[in-house]
>>> print(open('run-v3.txt').read())   # compact mmCIF, C-alpha atoms and all ligand atoms
# COMPACT_ATOMS: atom_id res chain seq x y z
CA MET A 1 50.62 -190.99 -40.13
CA PRO A 2 53.02 -188.16 -41.02
CA ALA A 3 51.57 -184.82 -40.00
CA LEU A 4 52.45 -181.18 -39.35
CA ASN A 5 52.78 -180.76 -35.57
CA HIS A 6 55.37 -177.98 -35.26
CA PHE A 7 55.96 -174.45 -36.49
CA GLY A 8 58.55 -173.22 -39.00
CA LEU A 9 60.96 -170.48 -37.90
CA ASP A 10 63.06 -168.38 -40.30
CA ILE A 11 65.66 -166.33 -38.41
CA GLY A 12 66.79 -163.67 -40.89
CA THR A 13 69.25 -160.83 -40.37
CA HIS A 14 66.46 -158.26 -40.89
CA SER A 15 63.41 -160.06 -39.53
CA ILE A 16 62.31 -163.29 -37.90
CA LYS A 17 59.36 -165.01 -39.57
CA ALA A 18 57.31 -167.95 -38.31
CA VAL A 19 54.42 -170.05 -39.66
CA GLN A 20 52.35 -172.80 -38.09
CA LEU A 21 50.31 -175.17 -40.27
CA SER A 22 48.26 -178.23 -39.41
CA GLY A 23 47.10 -181.22 -41.44
CA SER A 24 49.56 -182.77 -43.89
CA PHE A 25 51.93 -181.75 -46.69
CA GLU A 26 49.23 -182.77 -49.16
CA ARG A 27 46.45 -180.87 -47.36
CA PRO A 28 47.94 -178.14 -45.19
CA ASN A 29 45.79 -175.76 -43.14
CA PHE A 30 46.98 -172.36 -41.99
CA VAL A 31 47.07 -171.93 -38.21
CA SER A 32 49.02 -168.71 -37.64
CA ALA A 33 51.99 -166.64 -38.82
CA GLY A 34 53.96 -163.63 -37.67
CA GLN A 35 57.17 -161.67 -37.99
CA ILE A 36 59.24 -159.28 -35.87
CA PRO A 37 62.43 -157.32 -36.55
CA SER A 38 65.68 -159.15 -35.80
CA PRO A 39 67.50 -157.66 -32.83
CA GLY A 40 71.07 -156.57 -33.55
CA LYS A 41 73.22 -159.01 -35.41
CA GLY A 42 70.94 -161.99 -34.79
CA LEU A 43 72.30 -165.51 -34.93
CA VAL A 44 75.21 -164.62 -37.16
CA SER A 45 76.74 -163.13 -33.99
CA GLU A 46 78.91 -165.21 -31.67
CA SER A 47 78.22 -162.92 -28.71
CA PRO A 48 76.05 -164.42 -25.92
CA VAL A 49 74.36 -161.02 -25.46
CA ASP A 50 73.20 -160.96 -29.09
CA GLN A 51 72.12 -164.59 -28.81
CA ALA A 52 70.04 -163.87 -25.69
CA ALA A 53 68.38 -160.96 -27.54
CA SER A 54 67.51 -163.32 -30.40
CA ALA A 55 66.10 -165.90 -27.97
CA ASP A 56 63.92 -163.19 -26.40
CA ALA A 57 62.67 -162.01 -29.78
CA ILE A 58 61.80 -165.57 -30.81
CA LYS A 59 59.95 -166.09 -27.54
CA ARG A 60 57.99 -162.89 -28.12
CA LEU A 61 57.10 -163.87 -31.69
CA HIS A 62 55.94 -167.32 -30.51
CA HIS A 63 53.71 -165.61 -27.95
CA GLU A 64 52.35 -162.90 -30.27
CA ALA A 65 51.53 -165.36 -33.04
CA GLN A 66 49.69 -167.52 -30.47
CA PHE A 67 51.25 -170.71 -31.74
CA THR A 68 49.80 -173.83 -30.16
CA THR A 69 53.05 -175.82 -30.13
CA ASP A 70 56.60 -175.40 -28.79
CA LYS A 71 58.01 -177.77 -31.39
CA VAL A 72 60.04 -175.98 -34.02
CA ILE A 73 61.93 -176.59 -37.23
CA THR A 74 64.32 -173.85 -38.28
CA ALA A 75 66.70 -173.29 -41.19
CA LEU A 76 70.42 -172.63 -41.23
CA PRO A 77 71.25 -169.68 -43.51
CA GLU A 78 72.97 -170.59 -46.76
CA SER A 79 75.58 -167.87 -46.18
CA GLN A 80 76.86 -169.76 -43.10
CA ILE A 81 76.77 -173.28 -44.52
CA PHE A 82 77.81 -174.95 -47.73
CA THR A 83 75.22 -176.37 -50.16
CA ARG A 84 76.35 -177.57 -53.56
CA VAL A 85 75.58 -180.10 -56.26
CA ILE A 86 78.80 -182.03 -56.89
CA GLU A 87 79.74 -184.76 -59.35
CA MET A 88 81.07 -188.09 -58.17
CA PRO A 89 82.05 -191.34 -59.87
CA ASN A 90 79.15 -193.73 -60.39
CA LEU A 91 79.04 -195.32 -56.93
CA LYS A 92 76.41 -197.21 -55.00
CA GLU A 93 74.66 -195.49 -52.08
CA SER A 94 76.84 -197.24 -49.47
CA GLU A 95 80.00 -196.36 -51.40
CA VAL A 96 78.95 -192.70 -51.59
CA ALA A 97 78.53 -192.75 -47.80
CA ASN A 98 82.12 -193.88 -47.47
CA ALA A 99 83.57 -191.52 -50.06
CA ILE A 100 81.59 -188.36 -49.32
CA GLY A 101 83.99 -187.10 -46.63
CA TRP A 102 86.92 -187.30 -49.04
CA GLU A 103 84.96 -185.62 -51.80
CA ALA A 104 83.68 -182.91 -49.49
CA GLU A 105 87.22 -181.97 -48.51
CA GLN A 106 87.76 -180.61 -52.03
CA TYR A 107 84.79 -178.27 -51.78
CA VAL A 108 84.22 -177.31 -48.16
CA PRO A 109 86.49 -174.49 -46.99
CA ILE A 110 86.70 -175.61 -43.34
CA PRO A 111 88.00 -178.90 -41.86
CA ILE A 112 85.59 -181.77 -42.42
CA SER A 113 85.88 -182.77 -38.77
CA ASP A 114 84.24 -179.43 -37.88
CA VAL A 115 81.15 -179.85 -40.07
CA ARG A 116 78.13 -182.09 -40.19
CA LEU A 117 77.69 -183.56 -43.66
CA ASP A 118 74.42 -184.40 -45.30
CA TRP A 119 74.02 -185.65 -48.87
CA GLN A 120 71.56 -187.02 -51.38
CA ILE A 121 72.13 -188.71 -54.74
CA LEU A 122 70.31 -186.66 -57.38
CA SER A 123 70.83 -188.52 -60.62
CA LYS A 124 71.94 -191.90 -61.84
CA ALA A 125 74.84 -191.95 -64.26
CA ASN A 126 73.81 -191.86 -67.89
CA ASN A 127 75.60 -193.68 -70.69
CA ASN A 128 77.91 -191.02 -71.99
CA GLN A 129 79.31 -189.89 -68.63
CA ASN A 130 79.85 -192.38 -65.87
CA ARG A 131 79.28 -189.85 -63.10
CA ILE A 132 76.47 -189.10 -60.69
CA GLU A 133 75.26 -185.83 -59.19
CA VAL A 134 75.09 -185.52 -55.42
CA LEU A 135 73.61 -182.70 -53.34
CA LEU A 136 76.15 -182.00 -50.59
CA ILE A 137 75.32 -179.98 -47.49
CA ALA A 138 78.00 -179.15 -44.91
CA ALA A 139 77.05 -177.22 -41.77
CA PRO A 140 79.62 -176.10 -39.16
CA LYS A 141 79.03 -177.94 -35.87
CA LEU A 142 79.57 -174.67 -33.99
CA LEU A 143 76.73 -173.04 -35.94
CA ILE A 144 74.39 -175.96 -35.25
CA ASP A 145 75.26 -175.79 -31.53
CA ARG A 146 74.55 -172.03 -31.49
CA TYR A 147 71.12 -172.52 -33.08
CA LEU A 148 70.20 -175.32 -30.69
CA LYS A 149 71.32 -173.24 -27.72
CA VAL A 150 69.31 -170.15 -28.71
CA LEU A 151 66.17 -172.17 -29.47
CA ARG A 152 66.44 -173.93 -26.14
CA GLN A 153 66.89 -170.51 -24.49
CA ALA A 154 63.65 -169.45 -26.21
CA GLY A 155 61.89 -172.37 -24.53
CA LEU A 156 61.39 -174.34 -27.74
CA SER A 157 61.89 -177.99 -28.56
CA VAL A 158 63.78 -178.52 -31.82
CA VAL A 159 62.38 -181.19 -34.13
CA SER A 160 65.03 -180.72 -36.80
CA LEU A 161 67.30 -178.25 -38.56
CA GLU A 162 67.14 -177.74 -42.30
CA THR A 163 68.63 -175.31 -44.78
CA GLU A 164 66.92 -172.27 -46.27
CA ILE A 165 67.07 -173.57 -49.83
CA THR A 166 65.57 -176.94 -48.87
CA ALA A 167 62.70 -175.12 -47.17
CA VAL A 168 62.05 -172.63 -49.97
CA VAL A 169 62.03 -175.38 -52.57
CA ARG A 170 59.54 -177.47 -50.57
CA SER A 171 57.25 -174.47 -50.25
CA LEU A 172 57.43 -173.07 -53.78
CA VAL A 173 58.18 -175.94 -56.13
CA GLN A 174 57.57 -179.35 -54.59
CA LYS A 175 54.11 -178.36 -53.41
CA LEU A 176 53.04 -177.68 -56.99
CA GLU A 177 52.98 -181.01 -58.73
CA GLY A 178 54.40 -181.13 -62.24
CA ALA A 179 56.11 -177.73 -61.96
CA PRO A 180 58.52 -177.10 -64.86
CA THR A 181 62.24 -176.58 -64.23
CA THR A 182 62.28 -173.53 -61.98
CA LEU A 183 64.88 -171.02 -60.86
CA VAL A 184 64.13 -169.69 -57.38
CA ILE A 185 65.72 -166.37 -56.38
CA SER A 186 65.38 -165.63 -52.64
CA ILE A 187 66.40 -162.03 -51.97
CA GLY A 188 66.62 -161.26 -48.26
CA ALA A 189 68.34 -158.37 -46.52
CA SER A 190 71.92 -159.70 -46.50
CA THR A 191 71.88 -162.62 -48.89
CA THR A 192 70.41 -163.79 -52.17
CA ASP A 193 70.04 -167.55 -52.57
CA LEU A 194 69.66 -169.10 -56.01
CA SER A 195 68.40 -172.60 -56.66
CA ILE A 196 67.36 -174.48 -59.78
CA VAL A 197 64.83 -177.23 -59.27
CA SER A 198 63.99 -179.86 -61.85
CA ALA A 199 61.41 -182.63 -61.31
CA GLY A 200 61.18 -181.59 -57.66
CA ARG A 201 64.92 -181.98 -57.05
CA ILE A 202 67.50 -179.31 -56.34
CA SER A 203 69.98 -179.32 -59.24
CA PHE A 204 71.92 -176.16 -58.57
CA THR A 205 72.49 -173.81 -55.63
CA ARG A 206 74.40 -170.60 -55.04
CA SER A 207 74.40 -167.98 -52.29
CA VAL A 208 75.39 -164.37 -53.05
CA GLY A 209 76.20 -161.79 -50.35
CA THR A 210 73.95 -159.06 -51.79
CA GLY A 211 70.39 -158.23 -50.72
CA GLY A 212 68.03 -155.43 -49.73
CA LEU A 213 70.47 -153.97 -47.23
CA ALA A 214 73.09 -153.41 -49.94
CA LEU A 215 70.45 -151.71 -52.10
CA ALA A 216 69.47 -149.39 -49.23
CA ARG A 217 73.16 -148.60 -48.60
CA GLY A 218 73.51 -147.71 -52.28
CA VAL A 219 70.62 -145.26 -52.01
CA ALA A 220 72.03 -143.82 -48.76
CA GLN A 221 75.40 -143.24 -50.38
CA ASP A 222 74.18 -141.80 -53.68
CA LEU A 223 71.46 -139.55 -52.26
CA GLY A 224 73.05 -138.67 -48.91
CA PHE A 225 70.32 -140.21 -46.70
CA GLU A 226 70.43 -142.05 -43.40
CA LEU A 227 70.06 -145.81 -43.88
CA ASP A 228 66.46 -145.99 -42.57
CA GLN A 229 65.31 -143.24 -44.87
CA ALA A 230 67.22 -144.77 -47.77
CA GLU A 231 65.43 -148.08 -47.15
CA GLU A 232 62.06 -146.32 -47.39
CA TYR A 233 63.05 -144.71 -50.70
CA MET A 234 64.33 -148.05 -51.97
CA LYS A 235 61.02 -149.74 -51.05
CA THR A 236 58.90 -146.94 -52.53
CA TYR A 237 60.64 -146.27 -55.85
CA GLY A 238 62.74 -149.38 -56.47
CA LEU A 239 63.76 -150.00 -60.06
CA ASP A 240 61.17 -147.60 -61.46
CA SER A 241 63.01 -145.11 -63.69
CA ASP A 242 60.01 -142.74 -63.91
CA GLN A 243 60.21 -141.81 -60.23
CA LEU A 244 62.44 -139.09 -58.74
CA GLU A 245 64.11 -138.65 -62.14
CA GLY A 246 65.30 -142.23 -61.82
CA LYS A 247 67.70 -141.31 -59.01
CA VAL A 248 66.78 -144.22 -56.76
CA MET A 249 66.81 -146.60 -59.70
CA GLN A 250 70.29 -145.42 -60.68
CA ALA A 251 71.56 -145.93 -57.14
CA ILE A 252 70.11 -149.44 -56.93
CA LYS A 253 70.80 -150.72 -60.44
CA PRO A 254 74.54 -151.45 -60.25
CA ILE A 255 74.05 -153.33 -56.98
CA PHE A 256 71.00 -155.24 -58.15
CA ASP A 257 72.92 -156.15 -61.30
CA VAL A 258 75.33 -158.15 -59.13
CA VAL A 259 72.37 -160.44 -58.43
CA VAL A 260 71.30 -160.38 -62.08
CA ASN A 261 74.78 -161.33 -63.27
CA GLU A 262 75.08 -164.17 -60.75
CA THR A 263 71.68 -165.39 -61.93
CA ARG A 264 72.78 -165.28 -65.56
CA ARG A 265 75.87 -167.26 -64.68
CA ALA A 266 73.78 -169.81 -62.82
CA LEU A 267 71.48 -170.22 -65.83
CA ALA A 268 74.43 -170.58 -68.21
CA PHE A 269 76.14 -173.13 -65.97
CA TYR A 270 72.96 -175.14 -65.61
CA ALA A 271 72.20 -174.99 -69.35
CA GLY A 272 75.69 -176.33 -70.06
CA LYS A 273 74.99 -179.41 -67.94
CA HIS A 274 71.28 -179.97 -68.52
CA ALA A 275 70.46 -178.68 -72.00
CA GLU A 276 67.57 -181.19 -72.21
CA ILE A 277 65.59 -179.66 -69.30
CA PRO A 278 65.91 -175.86 -69.66
CA VAL A 279 64.72 -173.46 -66.96
CA LYS A 280 61.17 -172.43 -67.88
CA ARG A 281 60.24 -170.00 -65.13
CA VAL A 282 61.72 -167.82 -62.43
CA VAL A 283 60.14 -167.38 -59.00
CA VAL A 284 61.31 -164.56 -56.74
CA THR A 285 60.91 -164.63 -52.99
CA GLY A 286 62.24 -162.96 -49.82
CA GLY A 287 61.37 -159.47 -48.53
CA THR A 288 63.24 -157.72 -51.35
CA ALA A 289 61.06 -159.52 -53.94
CA LYS A 290 58.59 -156.65 -53.35
CA LEU A 291 61.02 -154.11 -54.85
CA PRO A 292 58.95 -151.99 -57.30
CA GLY A 293 59.77 -152.77 -60.92
CA LEU A 294 61.67 -155.96 -60.06
CA VAL A 295 59.55 -158.40 -62.08
CA ILE A 296 59.80 -156.43 -65.33
CA TYR A 297 63.49 -155.70 -64.81
CA LEU A 298 64.35 -159.35 -64.19
CA ALA A 299 62.16 -160.67 -67.00
CA GLU A 300 63.92 -158.35 -69.47
CA ALA A 301 67.38 -159.11 -68.11
CA LEU A 302 66.92 -162.89 -68.08
CA GLY A 303 64.54 -163.35 -71.01
CA LEU A 304 62.32 -165.61 -68.91
CA GLU A 305 58.90 -165.47 -67.30
CA VAL A 306 59.26 -164.09 -63.76
CA GLN A 307 56.73 -164.42 -60.93
CA ILE A 308 56.62 -163.27 -57.33
CA ALA A 309 56.35 -166.31 -55.08
CA ASP A 310 53.12 -167.07 -53.27
CA PRO A 311 53.84 -169.62 -50.55
CA TRP A 312 50.16 -169.50 -49.47
CA GLN A 313 49.15 -171.16 -52.72
CA GLY A 314 47.84 -174.66 -52.00
CA ILE A 315 47.38 -173.87 -48.30
CA ASN A 316 43.91 -173.73 -46.82
CA LEU A 317 43.74 -170.13 -45.53
CA PRO A 318 40.84 -169.05 -43.33
CA PRO A 319 38.78 -166.29 -44.97
CA ASN A 320 39.63 -163.79 -42.22
CA VAL A 321 43.39 -163.90 -42.89
CA SER A 322 44.50 -160.30 -43.30
CA GLN A 323 45.26 -158.73 -46.65
CA HIS A 324 48.59 -157.72 -45.12
CA LEU A 325 49.58 -161.34 -44.53
CA ARG A 326 48.59 -162.24 -48.10
CA GLU A 327 50.76 -159.42 -49.45
CA GLU A 328 53.66 -160.42 -47.20
CA GLY A 329 53.60 -163.90 -48.79
CA PRO A 330 57.09 -163.72 -50.37
CA SER A 331 58.62 -163.06 -46.94
CA TYR A 332 57.17 -166.30 -45.57
CA ALA A 333 58.47 -168.81 -48.13
CA VAL A 334 61.23 -170.23 -45.89
CA ALA A 335 59.05 -170.41 -42.76
CA THR A 336 56.21 -172.02 -44.75
CA GLY A 337 58.56 -174.60 -46.25
CA LEU A 338 59.77 -175.47 -42.76
CA ALA A 339 56.20 -175.71 -41.51
CA LEU A 340 55.41 -178.08 -44.41
CA LYS A 341 57.99 -180.71 -43.42
CA GLU A 342 56.23 -183.86 -42.32
CA THR A 343 57.71 -185.61 -39.30
N1 LIG B 401 58.37 -153.34 -50.32
C1 LIG B 401 59.64 -153.64 -50.33
N2 LIG B 401 60.42 -153.34 -51.41
C2 LIG B 401 61.71 -153.62 -51.43
N3 LIG B 401 62.39 -154.21 -50.42
C3 LIG B 401 61.68 -154.52 -49.33
C4 LIG B 401 60.29 -154.27 -49.23
N4 LIG B 401 59.88 -154.70 -48.01
C5 LIG B 401 60.97 -155.20 -47.41
N5 LIG B 401 62.05 -155.09 -48.19
C6 LIG B 401 63.42 -155.49 -47.89
O1 LIG B 401 63.44 -156.85 -47.61
C7 LIG B 401 64.52 -157.16 -46.72
C8 LIG B 401 63.99 -158.07 -45.64
O2 LIG B 401 63.58 -159.25 -46.24
P1 LIG B 401 63.63 -160.64 -45.47
O3 LIG B 401 62.74 -160.59 -44.30
O4 LIG B 401 63.40 -161.70 -46.48
O5 LIG B 401 65.16 -160.62 -44.99
P2 LIG B 401 65.88 -161.57 -43.95
O6 LIG B 401 65.33 -162.95 -44.12
O7 LIG B 401 65.80 -160.99 -42.59
O8 LIG B 401 67.37 -161.45 -44.48
P3 LIG B 401 68.47 -162.57 -44.77
O9 LIG B 401 67.74 -163.82 -45.18
O10 LIG B 401 69.30 -162.01 -45.88
O11 LIG B 401 69.21 -162.72 -43.49
C9 LIG B 401 65.05 -155.84 -46.19
O12 LIG B 401 66.27 -155.54 -46.82
C10 LIG B 401 63.94 -154.84 -46.61
O13 LIG B 401 64.47 -153.58 -46.89
MG MG B 402 65.94 -164.62 -45.07
>>> encode(input="run-v3.txt", output="structure tokens")
Amino acid sequence: MPALNHFGLDIGTHSIKAVQLSGSFERPNFVSAGQIPSPGKGLVSESPVDQAASADAIKRLHHEAQFTTDKVITALPESQIFTRVIEMPNLKESEVANAIGWEAEQYVPIPISDVRLDWQILSKANNNQNRIEVLLIAAPKLLIDRYLKVLRQAGLSVVSLETEITAVVRSLVQKLEGAPTTLVISIGASTTDLSIVSAGRISFTRSVGTGGLALARGVAQDLGFELDQAEEYMKTYGLDSDQLEGKVMQAIKPIFDVVVNETRRALAFYAGKHAEIPVKRVVVTGGTAKLPGLVIYLAEALGLEVQIADPWQGINLPPNVSQHLREEGPSYAVATGLALKET
């Protein structure tokens, strides 16, 4: 019987989030969840000192959240790996396995011998184009080794490694049966990940190097604040033009529009390939999803229905779960998706 016997760990550049569930993917029960600030540069850093600090923080989080297992599944950040839907000639599964290394060389910017490749055929060829779509994931072996080392240092036993987009999609789209074609925007501190999911499958991915930290820097620069104070202003006033004479909004807007423009391009690219299954809804997740005014701003900019993600939906939450944890939902989408992987 497949079951949920581990916890999900999302090691972000701003904070580390973790969720433990029990039961099954179909009927998950909440066990515990927690988050702590990321120390220093986190796992993006190659320095052993930074890595030891991350291991310590993970250990502390595991203890504070009172998880009942040492088994963990974590996600590699999209900014450090390569996830893309590529087209290939109409080959059989075994032929794709043989050809994928050659194909990947065209797309992956580092030598194929230095990465671990994973792939999945998404669509069969249709009549008018004799090509198939394949989801290609390439992760540097050095990055994988670093993650395994730090998790071992934290005293954990690694069940598997996934990618952030895979986890978010499991949590927000695949859990809701019959969801329409959905664009997921995950806005963290350093990175924004975009994915388009149709019939439960990832059809498009993109990672953009802009997130909440860039917004806070914009506020710091325009209004002459320290970064911490700027972050507080960003969180309080966001994209609301009625506050502080719109000063915070004006500082944030041009930076946030980088994300908006990338999203528009993603939608246009996807529509060009899959006109028959248009994107029907947009779901926003990640800590920066809580930016005041974000839903209205995005809905107007994209002309689509926009929702803030609720990864707790469909999970059996005990009645005493804090209001705080409910409100922090969008921050836990990756960790919840990891916790939902049946092994
Ligand atoms: N209420 C809020 N309004 C706007 N932004 C917020 C709010 N609360 C947190 N943030 C921002 O969310 C970001 C942290 O989100 P999250 O925990 O998803 O990031 P992360 O996973 O550590 O980052 P990354 O995935 O990019 O490495 C920070 O930039 C923080 O300023
Ligand atoms: Mg993150």
>>> closest_residue(input="run-v3.txt", among="A:Gln243, A:Ser15, A:Ser113, A:Ser322", to="ligand MG 402 (chain B)", atoms="all atoms listed in the file")
A:Ser15
>>> residues_near_ligand(input="run-v3.txt", ligand="ligand LIG 401 (chain B)", cutoff="9 Å", atoms="only C-alpha atoms and all ligand atoms", output="JSON, numbers by chain")
{"A": [10, 11, 12, 13, 14, 15, 16, 17, 35, 37, 38, 42, 44, 77, 78, 79, 164, 186, 187, 188, 189, 190, 191, 192, 193, 209, 210, 211, 212, 213, 214, 215, 216, 228, 231, 232, 234, 235, 236, 237, 238, 285, 286, 287, 288, 289, 290, 291, 292, 294, 328, 330, 331, 332, 333, 334]}
>>> atom_distance(input="run-v3.txt", atom1="CA of Ala339 in chain A", atom2="CA of His6 in chain A")
6.7 Å
>>> closest_residue(input="run-v3.txt", among="A:Val219, A:Ile137, A:Ile73, A:Val150", to="Ser45 in chain A", atoms="all atoms listed in the file")
A:Val150
>>> residues_around(input="run-v3.txt", residues="range 304-307 of chain A", least_positions_apart="2", cutoff="6 Å", atoms="only C-alpha atoms", output="ChimeraX atom specification")
/A:281-283,295,299,302
>>> closest_residue(input="run-v3.txt", among="A:Ala57, A:Leu227, A:Val169, A:Ala335", to="ligand MG 402 (chain B)", atoms="all atoms listed in the file")
A:Ala335
>>> atom_distance(input="run-v3.txt", atom1="CA of His62 in chain A", atom2="CA of Asp145 in chain A")
21.1 Å
>>> closest_residue(input="run-v3.txt", among="A:Thr68, A:Ser160, A:Ser123, A:Asn130", to="Pro89 in chain A", atoms="all atoms listed in the file")
A:Asn130
>>> atom_distance(input="run-v3.txt", atom1="CA of Leu91 in chain A", atom2="CA of Lys341 in chain A")
29.0 Å
>>> closest_residue(input="run-v3.txt", among="A:Val134, A:Leu151, A:Val168, A:Ala52", to="ligand MG 402 (chain B)", atoms="only C-alpha atoms and all ligand atoms")
A:Val168
>>> closest_residue(input="run-v3.txt", among="A:Phe204, A:Thr182, A:Ala75, A:Lys41", to="ligand MG 402 (chain B)", atoms="all atoms listed in the file")
A:Ala75
>>> residues_near_point(input="run-v3.txt", point="(52.6, -171.5, -48.8)", cutoff="10 Å", atoms="all atoms listed in the file", output="PyMOL selection string")
chain A and resi 19+21+28-30+168+170-172+175+309-317+329-330+332-337+339-340
>>> axis_aligned_box(input="run-v3.txt", around="range 14-24 of chain A", padding_each_side="6 Å", output="JSON")
{"center_x": 56.8, "center_y": -170.5, "center_z": -40.9, "size_x": 31.4, "size_y": 36.5, "size_z": 18.0}
>>> residues_around(input="run-v3.txt", residues="Leu135 in chain A", least_positions_apart="6", cutoff="7 Å", atoms="all atoms listed in the file", output="number ranges by chain")
A: 84-86, 119-122
>>> residues_around(input="run-v3.txt", residues="range 141-144 of chain A", least_positions_apart="3", cutoff="8 Å", atoms="all atoms listed in the file", output="JSON, numbers by chain")
{"A": [76, 80, 114, 115, 116, 147, 148]}
